[in-house]
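Notes to accompany the following structure.
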Amino acid sequence: MLPKQAVLSKITQHPWFKISIVVLLVATIILYLLRNLLLGSPVEAYAVTLSDLSQTVVASGRVMTPQRITIAAESTGRVNAIPVIEGQTVKRGQLLIQLNDQDARASVAQATATLAQAQAKLRQLKEVNLPDASQNLQQALANAEQAKKQYERTRDLQARGFISQAQLDEAKRNYDVINSQVRAARLQVETNRPSGSDLAVATAAVAQANASLHLAQVKLNEDAILAPADGTLISRSVESGDIVQAGKELMVLAADGETQITVQLDEKNLAKLALGQKALASADAYADQRFDAVVSYINPGIDATRGAVEVKMTVPHPPAYLRQDMTVSVDIETAHRSNVLVIPTGALHDASSTEPWVLVVRNHHTVKQVVKIGLRGDDHIEVLSGLKAGEAVILTAVGTIKADMHVRPHIIATK
């Protein structure tokens with residue numbers, strides 16, 4: 001008997017074997033072609049279904065606090081202490097930076113002493129000088145009355161020849177001197193009255209001393225740099241011992257308030273935007289955790305260089321991980337339809353023309369069907385007319401399928 005391998009070799013080398021193989025291949029191809037001819041070419045088609053549809057605008061932006069406050073010194077000085085750290089939450093009025101305040105404290109002490117001196121002088125004018133001047137005036141008036149009587153009596157005696165002219169002249173001089181004393185005493189009283197010049201000067205001195213003390217206190221307060229609002233310190237560029245200049249940024253405070261997201265959107269989307277629209281956002285660092293946002297501001301101006309419009313969204317319930325300047329992705333829902341006919345975006349031909357169309361399968365044949373479209377979503381489009389629920393459409397990517405072809409569709413549900 002021949003070995004098994006020899007028998008197989010003899011069979012495979014026989015001409016009829018090769019002819020049989022060729023015939024089998026040809027028969028297989030013919031059967032496949034006949035099957036496609038009879039049953040139609042196999043093709044994937046997507047069902048036209050009723051579904052909710054949302055139109056969204058996608059953008060990326062950054063997390064922003066309502067206000068960033070630059071913390072700076074109002075005067076040049078040396079930093080004595082910094083009792084806070086970057087990232088710390090602070091309250092309004094809390095000490096952030098303490099500058100050396102020895103000179104300022106000395107100025108306050110000096111101004112306080114000057115004010116006390118001016119106030120003492122004013123009190124002296126009101127409580128001592130005016131009563132003394134009034135008393136002196138009363139005494140001068142009494143002396144003047146006495147001198148007048150003495151002068152009149154002397155004049156009468158001189159007329160009767162009892163005394164000389166020299167004695168009369170002496171009495172007249174004495175009377176004139178006392179009258180001048182009355183005038184001086186009266187002037188002193190007027191000077192020390194509330195409307196008098198000495199009191200006015202003393203009052204002005206007190207006011208000036210008060211102003212000097214206030215200025216010294218302001219300078220002292222400037223050496224203690226306080227938080228202007230509740231918030232979080234997001235940066236710090238100063239250390240203890242540094243010499244700082246007036247107006248130079250030392251810290252940045254993110255004031256508390258509503259967290260916001262700011263994005264730049266292509267101006268072609270402007271017509272779709274409206275205040276109050278809802279959005280879903282996610283930080284790039286936490287992409288699987290989405291949170292709500294609401295459109296709160298649309299800039300009325302356009303950035304001409306970028307062709308973009310600034311849009312801000314408030315975050316009603318910001319997650320704990322959200323930080324200033326985080327990069328976020330945002331889906332803004334600009335429109336929504338419920339229970340409408342939808343097809344995959346990829347099934348629409350000539351989408352920008354006046355007569356967009358689809359290839360729909362009807363009775364196992366492809367038909368070019370003009371449709372009227374409505375809302376455009378990310379992956380699906382609303383069909384207003386031209387199709388019915390349950391029909392199937394073919395994606396444009398299937399380039400070998402044309403209109404009026406016999407097909408065998410494999411229906412895939414539209415998601």
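If you're wondering about the labels, chains in the structure tokens are A, B, ... by order shown, residues count from 1 in each chain, ligands from 1 in order shown.
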Review point. Within 6 Å of Ser282 (chain A), counting only C-alpha atoms, which residues qualify if same-chain residues fewer than 6 places away don't, as a ChimeraX atom specification?
Key: /A:290,328-329
Region 241-253 of chain A: which residues within 10 Å, counting only C-alpha atoms, same-chain residues fewer than 2 positions away excluded, as a short mmCIF file (atom, residue, chain, number, x, y, z; two decimals) with C-alpha atoms, in the first residue's frame?
data_model
loop_
_atom_site.label_atom_id
_atom_site.label_comp_id
_atom_site.auth_asym_id
_atom_site.auth_seq_id
_atom_site.Cartn_x
_atom_site.Cartn_y
_atom_site.Cartn_z
CA THR A 65 -13.61 84.72 41.21
CA GLN A 67 -12.98 90.12 42.00
CA ARG A 68 -9.20 89.99 42.35
CA ILE A 69 -7.79 92.54 44.73
CA THR A 70 -4.16 93.57 44.54
CA ILE A 71 -2.67 94.10 47.98
CA ALA A 72 0.03 96.80 48.06
CA ALA A 73 1.67 99.16 50.54
CA GLU A 74 0.65 102.82 50.53
CA SER A 75 4.09 103.96 51.63
CA THR A 76 7.66 102.70 51.52
CA GLY A 77 8.73 100.62 54.50
CA ARG A 78 10.35 97.47 55.86
CA VAL A 79 8.22 94.37 56.43
CA ASN A 80 8.20 93.34 60.08
CA ALA A 81 5.77 90.42 59.94
CA ILE A 82 3.48 88.45 57.61
CA GLU A 86 -0.68 81.77 50.44
CA GLY A 87 -3.96 79.89 50.05
CA GLN A 88 -5.26 80.98 53.45
CA THR A 89 -8.83 82.20 53.89
CA VAL A 90 -8.95 85.63 55.52
CA LEU A 96 -1.91 90.65 56.25
CA ILE A 97 1.40 92.53 56.45
CA LEU A 99 5.47 97.24 58.28
CA ASN A 100 7.92 98.85 60.70
CA ALA A 227 -7.58 92.51 54.19
CA PRO A 228 -10.11 94.76 52.37
CA ALA A 229 -12.65 91.92 52.06
CA ASP A 230 -13.32 88.30 52.94
CA GLY A 231 -11.52 85.98 50.56
CA THR A 232 -8.58 83.69 49.81
CA LEU A 233 -4.97 84.72 49.24
CA ILE A 234 -4.03 83.26 45.87
CA SER A 235 -0.51 84.70 45.56
CA ARG A 236 2.19 86.30 47.70
CA SER A 237 5.41 87.97 46.55
CA VAL A 238 6.87 89.43 49.77
CA GLU A 239 8.87 88.12 52.72
CA ALA A 255 -12.66 88.03 47.16
CA ASP A 256 -15.50 85.76 48.23
#
Point to revise | Selection: 9 Å around His214 (chain A), only C-alpha atoms, excl. self and same-chain fewer than 4 positions, as a list in words | key: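 Non-adjacent residues within range: Val108, Ala111, Ala209, Asn210, Val218 and Lys219 of chain A.
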Output the selection as a PDB file, in the first residue's frame - N, CA and C atoms for each residue.
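Saved file part-v5.pdb follows:
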ATOM      1  N   VAL A 108       2.702 110.080  65.955  1.00  0.00           N
ATOM      2  CA  VAL A 108       1.399 110.124  66.623  1.00  0.00           C
ATOM      3  C   VAL A 108       1.544 110.688  68.031  1.00  0.00           C
ATOM      4  N   ALA A 111       2.164 114.474  67.779  1.00  0.00           N
ATOM      5  CA  ALA A 111       0.937 115.181  67.395  1.00  0.00           C
ATOM      6  C   ALA A 111      -0.071 115.198  68.542  1.00  0.00           C
ATOM      7  N   ALA A 209      -3.867 121.131  65.127  1.00  0.00           N
ATOM      8  CA  ALA A 209      -3.268 120.028  65.881  1.00  0.00           C
ATOM      9  C   ALA A 209      -4.070 118.743  65.687  1.00  0.00           C
ATOM     10  N   ASN A 210      -5.401 118.879  65.636  1.00  0.00           N
ATOM     11  CA  ASN A 210      -6.249 117.705  65.368  1.00  0.00           C
ATOM     12  C   ASN A 210      -5.952 117.108  64.000  1.00  0.00           C
ATOM     13  N   VAL A 218      -3.184 108.224  60.295  1.00  0.00           N
ATOM     14  CA  VAL A 218      -3.329 107.604  58.972  1.00  0.00           C
ATOM     15  C   VAL A 218      -2.019 106.951  58.552  1.00  0.00           C
ATOM     16  N   LYS A 219      -0.907 107.660  58.748  1.00  0.00           N
ATOM     17  CA  LYS A 219       0.402 107.103  58.409  1.00  0.00           C
ATOM     18  C   LYS A 219       0.678 105.837  59.216  1.00  0.00           C
TER      19      LYS A 219
END
Check your understanding: Which of region 171-355 of chain A counts as alpha helix (DSSP H) under DSSP, as an NGL selection string please?
Key -> :A and (171-192 or 197-222)
Mind dumping the selected residues with C-alpha atoms as a CSV table (one decimal), in the first residue's frame?
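part13.csv written:
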chain,number,residue,atom,x,y,z
A,171,ALA,CA,-6.7,166.2,87.3
A,172,LYS,CA,-7.3,166.2,83.5
A,173,ARG,CA,-4.3,164.1,82.8
A,174,ASN,CA,-5.3,161.6,85.4
A,175,TYR,CA,-8.8,161.4,84.0
A,176,ASP,CA,-7.5,160.8,80.4
A,177,VAL,CA,-5.1,158.1,81.6
A,178,ILE,CA,-7.9,156.2,83.4
A,179,ASN,CA,-10.1,156.5,80.3
A,180,SER,CA,-7.3,155.0,78.2
A,181,GLN,CA,-7.1,152.1,80.7
A,182,VAL,CA,-10.8,151.6,80.3
A,183,ARG,CA,-10.4,151.4,76.5
A,184,ALA,CA,-7.5,148.8,76.9
A,185,ALA,CA,-9.6,146.7,79.4
A,186,ARG,CA,-12.6,146.8,77.0
A,187,LEU,CA,-10.3,145.7,74.1
A,188,GLN,CA,-8.9,142.8,76.2
A,189,VAL,CA,-12.5,141.6,77.0
A,190,GLU,CA,-13.5,141.7,73.3
A,191,THR,CA,-10.3,139.9,72.3
A,192,ASN,CA,-11.1,137.0,74.7
A,197,SER,CA,-9.1,137.2,67.7
A,198,ASP,CA,-7.1,135.5,70.4
A,199,LEU,CA,-9.8,132.9,70.9
A,200,ALA,CA,-10.0,132.5,67.1
A,201,VAL,CA,-6.3,131.9,66.9
A,202,ALA,CA,-6.4,129.4,69.7
A,203,THR,CA,-9.3,127.6,68.2
A,204,ALA,CA,-7.5,127.4,64.8
A,205,ALA,CA,-4.4,126.0,66.6
A,206,VAL,CA,-6.6,123.2,68.1
A,207,ALA,CA,-8.0,122.4,64.7
A,208,GLN,CA,-4.6,122.3,63.1
A,209,ALA,CA,-3.3,120.0,65.9
A,210,ASN,CA,-6.2,117.7,65.4
A,211,ALA,CA,-5.5,117.5,61.6
A,212,SER,CA,-1.8,116.8,62.3
A,213,LEU,CA,-2.8,114.0,64.7
A,214,HIS,CA,-5.2,112.5,62.2
A,215,LEU,CA,-2.5,112.6,59.5
A,216,ALA,CA,-0.1,110.9,61.8
A,217,GLN,CA,-2.7,108.2,62.7
A,218,VAL,CA,-3.3,107.6,59.0
A,219,LYS,CA,0.4,107.1,58.4
A,220,LEU,CA,0.5,104.7,61.3
A,221,ASN,CA,-2.5,102.8,60.0
A,222,GLU,CA,-0.8,102.5,56.6
Practice item. Run DSSP on the backbone and give me the residues of region 157-257 of chain A it puts in strand (DSSP E), as a ChimeraX atom specification. Key: /A:224-226,231-236,243-244,249-255
Study note, to complete from the structure: Across A:Arg153, A:Lys268, A:Arg376, A:Arg362, the smallest distance to Ala308 (chain A), with only C-alpha atoms counted, is shown by A:Lys268
Extract, using only C-alpha atoms, all DNA, RNA and protein residues at most 10 Å from Asp379 (chain A), discarding same-chain residues fewer than 3 positions from it, and format them as a short mmCIF file (atom, residue, chain, number, x, y, z; two decimals) with C-alpha atoms, in the first residue's frame.
data_model
loop_
_atom_site.label_atom_id
_atom_site.label_comp_id
_atom_site.auth_asym_id
_atom_site.auth_seq_id
_atom_site.Cartn_x
_atom_site.Cartn_y
_atom_site.Cartn_z
CA LEU A 53 -32.68 66.75 21.34
CA SER A 54 -30.44 69.45 22.73
CA GLN A 55 -28.30 71.92 20.86
CA VAL A 342 -34.07 62.68 14.83
CA ILE A 343 -31.46 61.14 12.55
CA PRO A 344 -27.67 60.90 12.90
CA THR A 345 -25.86 64.00 11.67
CA GLY A 346 -23.79 61.76 9.40
CA ARG A 376 -28.99 70.63 15.12
CA LYS A 415 -29.03 56.65 20.23
#
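Coordinates place CA of Pro83 (chain A) at a distance of 25.2 Å from CA of Ala320 (chain A).
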**Study point:** Point-to-point distance from CA of Gln324 (chain A) to CA of Val57 (chain A), Å rounded to tenths
**Key:**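 Distance reported for this atom pair: 23.2 Å.
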Point to revise | Using only C-alpha atoms: which of A:Leu341, A:Met405, A:Leu280, A:Leu226 has the shortest distance to Leu387 (chain A) | key: A:Leu341
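CA of Val330 (chain A) lies 28.7 Å from CA of Leu395 (chain A).
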Review point. Ile401 (chain A): which residues within 12 Å, counting only C-alpha atoms, same-chain residues fewer than 4 positions away excluded, as number ranges by chain?
Key: A: 40-45, 358-361, 365-368, 393-397, 405-409
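Candidate residues A:Ala224, A:Ile373, A:Ala392, A:Val63 were compared for distance to Met313 (chain A), and the nearest is A:Val63, using only C-alpha atoms.
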**Study point:** Selected residue of minimal separation from Ala254 (chain A) among A:His410, A:Lys272, A:Lys91, A:Lys149, counting only C-alpha atoms
**Key:** A:Lys91
